[in-house]
Amino acid sequence: MKTLAEIVKVERLAVHMQGHFVLDNISFQVKAGELVGIIGPNGAGKTTLLRVLLGLVKPFSGSAALFGRPSNRLGHDRGKIGYMPQNRSFERRFPLSALDAVLMGLLSPRTLGRPFNRRHRDAGRRALNAVGIPHLANRPFQALSGGEQQRVLLARALARDPALLLLDEPSAGLDITAQHQLMQLLRRLQRERGLTVLLVSHDLTAAAAFADYLICINRTMHLHGNPRQVLHSPGLKEAFRCQFDLLNTAGTREGSEER
Amino acid sequence: MMEMLSYTFMQRALLAALLVGLICSGVAFFVVLKRLSFLGVGVSHTALGGIAVGLVAGVNPILTGSLFAVAAAVVTGSISRLGRFHEDTVIGVFYAAGMAFGITLISSAKGYYPELFSLLFGNILAVSAADLRLLSFVLLGTALFLSLFFKELLALSFDEEMARAGGVPVNALYLGLLAVMALTVMVSVKLVGIVLASALLVIPAATGYRLSSNYRTMLAVSLICGATGSVGGLVLSYYFRVPSGATIVLAMTILFLLSLLVGPRFFARRKSKRAKQDRLEETGQEPCR
């Protein structure tokens with residue numbers, strides 16, 4: 001069987017929305033088993049890029065392909081994608097259990113009009129188990145903490161046993177401990193399952209700590225490379241359009257010598 | 001009670017109330033979860049335009065009203081989906097335009113339409129055997145649509161973006177739900193009237209939402225509240241000789257108010273109040289004013 005090294009291939013992608021280009025001339029590739037961080041300031045077009053990959057937004061020009069197929073004509077390959085949208089996309093006080101929320105990750109054209117069966121529920125429980133919260137399966141979703149809700153949503157993305165995970169700000173709104181735990185869990189799952197992960201974040205340090213390489217966009221492509229290269233590039237400040245210093249764990253500036 | 005049940009019109013009205021209560025509360029479940037309450041109000045009022053066409057042309061006003069209501073719901077949903085306007089803006093336009101069209105048509109036709117008052121406020125005497133058949137048909141259709149696509153509609157209400165990404169035909173299901181909602185409003189018109197029909201699409205499910213943290217319980221409470229509220233309200237309307245729509249809505253509102261007293265959040269509040277009181281007693285402090 002032919003193995004496809006390139007899971008994601010984006011070439012000269014441009015997206016036009018409401019009178020202006022929100023993405024322009026974006027090109028990159030993601031190989032199987034990589035964890036890639038997409039960074040950029042608010043309004044840079046990160047979420048739009050993920051939505052193009054999911055086939056939810058039509059490009060103006062260029063192309064976006066997943067598993068060798070155009071993203072808007074994925075067909076059955078759509079089942080290989082796990083997606084975790086931004087945490088503001090869902091209704092927090094919705095009356096359902098954690099397991100019910102996870103089962104929604106199994107919805108597809110194939111399940112249309114058919115009730116979930118035992119096989120689906122087992123897959124949902126396995127996903128909750130994978131993110132370390134099997135005991136919360138029957139707990140009301142609205143009663144969970146922010147960190148637990150994010151784990152449930154990650155389990156929902158994992159429920160269909162995907163090859164590619166698209167995560168949009170998975171740690172947004174979490175405290176620093178919960179952020180770190182979630183990112184570590186993600187890294188572990190990615191290694192254990194050989195997942196390819198595309199992670200959108202505006203948290204530079206979190207993305208840099210866990211990603212194999214970073215892509216920095218702000219409407220257009222500014223930088224790409226390994227986290228160290230990207231963090232030390234002068235182009236990073238240009239992309240974020242502000243002056244800042246990155247501190248390492250010793251509290252000294254990145255790039256300066258430790259005393 | 002036996003006297004009331006001896007009248008054929010009352011037997012028909014009670015059966016109609018039960019069916020309307022069940023249909024409306026089933027649809028209300030999604031109306032509340034998807035926050036479509038204002039759309040329900042808009043669609044029911046827009047239907048006045050279609051009802052006026054039926055009255056003036058001598059065609060069944062429920063039929064013309066249904067066509068109008070379904071078209072208004074689907075057009076409203078489609079325009080808001082295109083992203084040019086917020087849903088409430090589009091509803092605001094069609095709501096007023098439909099009513100204005102109906103009022104203008106009825107006024108300019110210069111005829112006398114005694115059934116208009118019944119259609120506006122509901123009349124138990126107006127329920128015919130044909131209406132019961134129509135209600136049964138709509139109940140079956142609604143139950144079929146909701147049960148067939150229940151999990152997809154639930155996902156659409158919880159996280160539409162995720163459902164869309166999974167390949168669920170979100171737009172088609174959403175417009176289908178709006179069409180079902182419009183039909184539900186119209187088949188309720190003879191019993192509750194177009195002015196109050198939209199209330200049945202909110203109150204039973206709002207009561208269920210208040211009392212439960214799981215959608216299964218919410219749906220069950222919504223159905224029970226819808227059936228008891230509409231049958232109970234109808235009985236009250238018979239004894240107090242007032243329009244049935246008003247008493248049905250008031251009966252359901254009473255059930256909703258009761259849910260505020262006995263709901264889980266009510267107990268949570270009482271527990272929290274007790275905890276605050278204990279704290280003040282322990283520390284001997286005064287609460288901040």
# chains A, B, ... in the order shown; residues from 1 in each chain; ligands from 1
call {"tool": "select_by_dssp", "arguments": {"residues": "stretch 46-173 of chain A", "states": "helix (DSSP H, G or I)", "output": "MDAnalysis selection string"}}
result
chainID A and resid 46:53 71:73 75:80 98:106 109:111 118:130 134:136 141:143 146:158
call {"tool": "interface_residues", "arguments": {"of": "chain B", "to": "chain A", "cutoff": "9 Å", "atoms": "only C-alpha atoms", "output": "CSV table (one decimal) with C-alpha atoms, in the first residue's frame"}}
result
chain,number,residue,atom,x,y,z
B,33,LEU,CA,-31.7,24.7,22.9
B,147,SER,CA,-36.6,11.2,15.9
B,148,LEU,CA,-34.8,10.4,12.7
B,149,PHE,CA,-32.4,13.4,13.0
B,150,PHE,CA,-32.5,13.8,16.7
B,151,LYS,CA,-28.7,13.4,17.4
B,152,GLU,CA,-27.8,15.6,14.4
B,154,LEU,CA,-28.8,18.0,19.1
B,155,ALA,CA,-25.3,18.4,17.7
B,157,SER,CA,-27.8,23.0,18.7
B,158,PHE,CA,-24.7,22.3,20.9
B,159,ASP,CA,-21.9,23.0,18.5
B,160,GLU,CA,-22.8,23.8,14.9
B,161,GLU,CA,-19.2,24.3,13.7
B,162,MET,CA,-18.3,20.8,14.9
B,163,ALA,CA,-21.3,19.2,13.3
B,164,ARG,CA,-20.6,21.0,10.0
B,165,ALA,CA,-17.0,19.8,10.1
B,166,GLY,CA,-18.1,16.2,10.7
B,167,GLY,CA,-20.1,16.3,7.4
B,168,VAL,CA,-23.5,16.7,8.9
B,169,PRO,CA,-25.8,18.6,6.4
B,209,TYR,CA,-34.5,23.1,30.8
B,212,SER,CA,-32.9,19.1,34.3
B,213,SER,CA,-29.2,19.0,33.5
B,214,ASN,CA,-29.7,16.2,30.9
B,215,TYR,CA,-31.5,16.6,27.6
B,216,ARG,CA,-33.4,13.3,28.0
B,218,MET,CA,-35.6,18.0,29.6
call {"tool": "residues_around", "arguments": {"residues": "B:Ser78", "least_positions_apart": "5", "cutoff": "9 Å", "atoms": "only C-alpha atoms", "output": "NGL selection string"}}
result
:B and (73 or 171 or 175)
call {"tool": "write_last_selection", "arguments": {"atoms": "N, CA and C atoms", "output": "short mmCIF file (atom, residue, chain, number, x, y, z; two decimals), in the first residue's frame"}}
result
data_model
loop_
_atom_site.label_atom_id
_atom_site.label_comp_id
_atom_site.auth_asym_id
_atom_site.auth_seq_id
_atom_site.Cartn_x
_atom_site.Cartn_y
_atom_site.Cartn_z
N ALA B 73 -40.21 31.21 7.34
CA ALA B 73 -39.18 30.57 8.18
C ALA B 73 -37.95 30.21 7.35
N ASN B 171 -27.08 22.97 7.14
CA ASN B 171 -28.04 23.95 6.60
C ASN B 171 -29.39 23.30 6.29
N LEU B 175 -32.90 24.30 8.16
CA LEU B 175 -34.07 24.79 7.44
C LEU B 175 -35.25 23.82 7.63
#
call {"tool": "residues_around", "arguments": {"residues": "A:Arg228", "least_positions_apart": "5", "cutoff": "9 Å", "atoms": "only C-alpha atoms", "output": "mmCIF file with N, CA and C atoms, in the first residue's frame"}}
result
data_model
loop_
_atom_site.group_PDB
_atom_site.id
_atom_site.type_symbol
_atom_site.label_atom_id
_atom_site.label_comp_id
_atom_site.auth_asym_id
_atom_site.auth_seq_id
_atom_site.Cartn_x
_atom_site.Cartn_y
_atom_site.Cartn_z
ATOM 1 N N ALA A 208 5.574 26.712 21.084
ATOM 2 C CA ALA A 208 6.992 26.436 20.849
ATOM 3 C C ALA A 208 7.480 25.256 21.685
ATOM 4 N N TYR A 213 7.492 21.941 14.599
ATOM 5 C CA TYR A 213 7.861 23.215 13.962
ATOM 6 C C TYR A 213 6.668 24.154 13.966
ATOM 7 N N SER A 233 13.676 34.727 15.398
ATOM 8 C CA SER A 233 13.690 35.489 14.155
ATOM 9 C C SER A 233 13.123 36.901 14.384
#
call {"tool": "atom_distance", "arguments": {"atom1": "atom CA of A:Ala178", "atom2": "atom CA of A:Ser145"}}
result
10.3 Å
call {"tool": "residues_around", "arguments": {"residues": "stretch 177-190 of chain B", "least_positions_apart": "3", "cutoff": "7 Å", "atoms": "only C-alpha atoms", "output": "ChimeraX atom specification"}}
result
/B:20,23-24,27,43-44,62,65-66,69-70,73-74,118-119,122-123,126-127,135,142,173-174,193-194,197-198
call {"tool": "residues_around", "arguments": {"residues": "B:Arg12", "least_positions_apart": "5", "cutoff": "8 Å", "atoms": "only C-alpha atoms", "output": "PyMOL selection string"}}
result
chain B and resi 127-129+132
call {"tool": "closest_residue", "arguments": {"among": "A:Ala207, A:Leu153, A:Val197, A:Leu166", "to": "A:Val30", "atoms": "only C-alpha atoms"}}
result
A:Val197
call {"tool": "residues_around", "arguments": {"residues": "A:Cys216", "least_positions_apart": "3", "cutoff": "8 Å", "atoms": "only C-alpha atoms", "output": "ChimeraX atom specification"}}
result
/A:38-40,221-224,230,236,239
call {"tool": "write_last_selection", "arguments": {"atoms": "N, CA and C atoms", "output": "PDB file, in the first residue's frame"}}
result
ATOM      1  N   ILE A  38       0.505  26.532  14.566  1.00  0.00           N
ATOM      2  CA  ILE A  38       0.249  27.718  13.732  1.00  0.00           C
ATOM      3  C   ILE A  38       0.054  28.878  14.683  1.00  0.00           C
ATOM      4  N   ILE A  39       0.972  29.839  14.620  1.00  0.00           N
ATOM      5  CA  ILE A  39       0.894  30.969  15.547  1.00  0.00           C
ATOM      6  C   ILE A  39       0.648  32.261  14.775  1.00  0.00           C
ATOM      7  N   GLY A  40       0.221  33.253  15.501  1.00  0.00           N
ATOM      8  CA  GLY A  40      -0.047  34.560  14.893  1.00  0.00           C
ATOM      9  C   GLY A  40      -0.944  35.348  15.816  1.00  0.00           C
ATOM     10  N   MET A 221       2.082  34.531   5.013  1.00  0.00           N
ATOM     11  CA  MET A 221       3.023  33.678   5.745  1.00  0.00           C
ATOM     12  C   MET A 221       4.252  34.507   6.153  1.00  0.00           C
ATOM     13  N   HIS A 222       4.579  34.538   7.423  1.00  0.00           N
ATOM     14  CA  HIS A 222       5.740  35.316   7.857  1.00  0.00           C
ATOM     15  C   HIS A 222       6.961  34.438   8.082  1.00  0.00           C
ATOM     16  N   LEU A 223       6.769  33.347   8.795  1.00  0.00           N
ATOM     17  CA  LEU A 223       7.900  32.492   9.148  1.00  0.00           C
ATOM     18  C   LEU A 223       7.464  31.039   9.198  1.00  0.00           C
ATOM     19  N   HIS A 224       8.402  30.155   8.962  1.00  0.00           N
ATOM     20  CA  HIS A 224       8.172  28.763   9.323  1.00  0.00           C
ATOM     21  C   HIS A 224       9.509  28.095   9.572  1.00  0.00           C
ATOM     22  N   VAL A 230      12.135  30.116  14.775  1.00  0.00           N
ATOM     23  CA  VAL A 230      11.010  31.063  14.657  1.00  0.00           C
ATOM     24  C   VAL A 230      11.031  32.059  15.807  1.00  0.00           C
ATOM     25  N   LEU A 236       9.354  37.647  13.720  1.00  0.00           N
ATOM     26  CA  LEU A 236       8.264  37.309  14.644  1.00  0.00           C
ATOM     27  C   LEU A 236       7.603  38.587  15.187  1.00  0.00           C
ATOM     28  N   ALA A 239       5.569  40.104  12.548  1.00  0.00           N
ATOM     29  CA  ALA A 239       4.279  39.422  12.358  1.00  0.00           C
ATOM     30  C   ALA A 239       3.273  39.841  13.429  1.00  0.00           C
TER      31      ALA A 239
END
call {"tool": "atom_distance", "arguments": {"atom1": "atom CA of A:Pro70", "atom2": "atom CA of A:Lys46"}}
result
19.0 Å
call {"tool": "atom_distance", "arguments": {"atom1": "atom CA of A:Ser63", "atom2": "atom CA of A:Asn42"}}
result
23.7 Å
call {"tool": "closest_residue", "arguments": {"among": "B:Met252, B:Leu234, B:Leu67, B:Ala16", "to": "B:Arg133", "atoms": "only C-alpha atoms"}}
result
B:Ala16
call {"tool": "select_by_dssp", "arguments": {"residues": "stretch 29-153 of chain A", "states": "strand (DSSP E)", "output": "PyMOL selection string"}}
result
chain A and resi 29-31+35-39+61-66+69-70+81-84
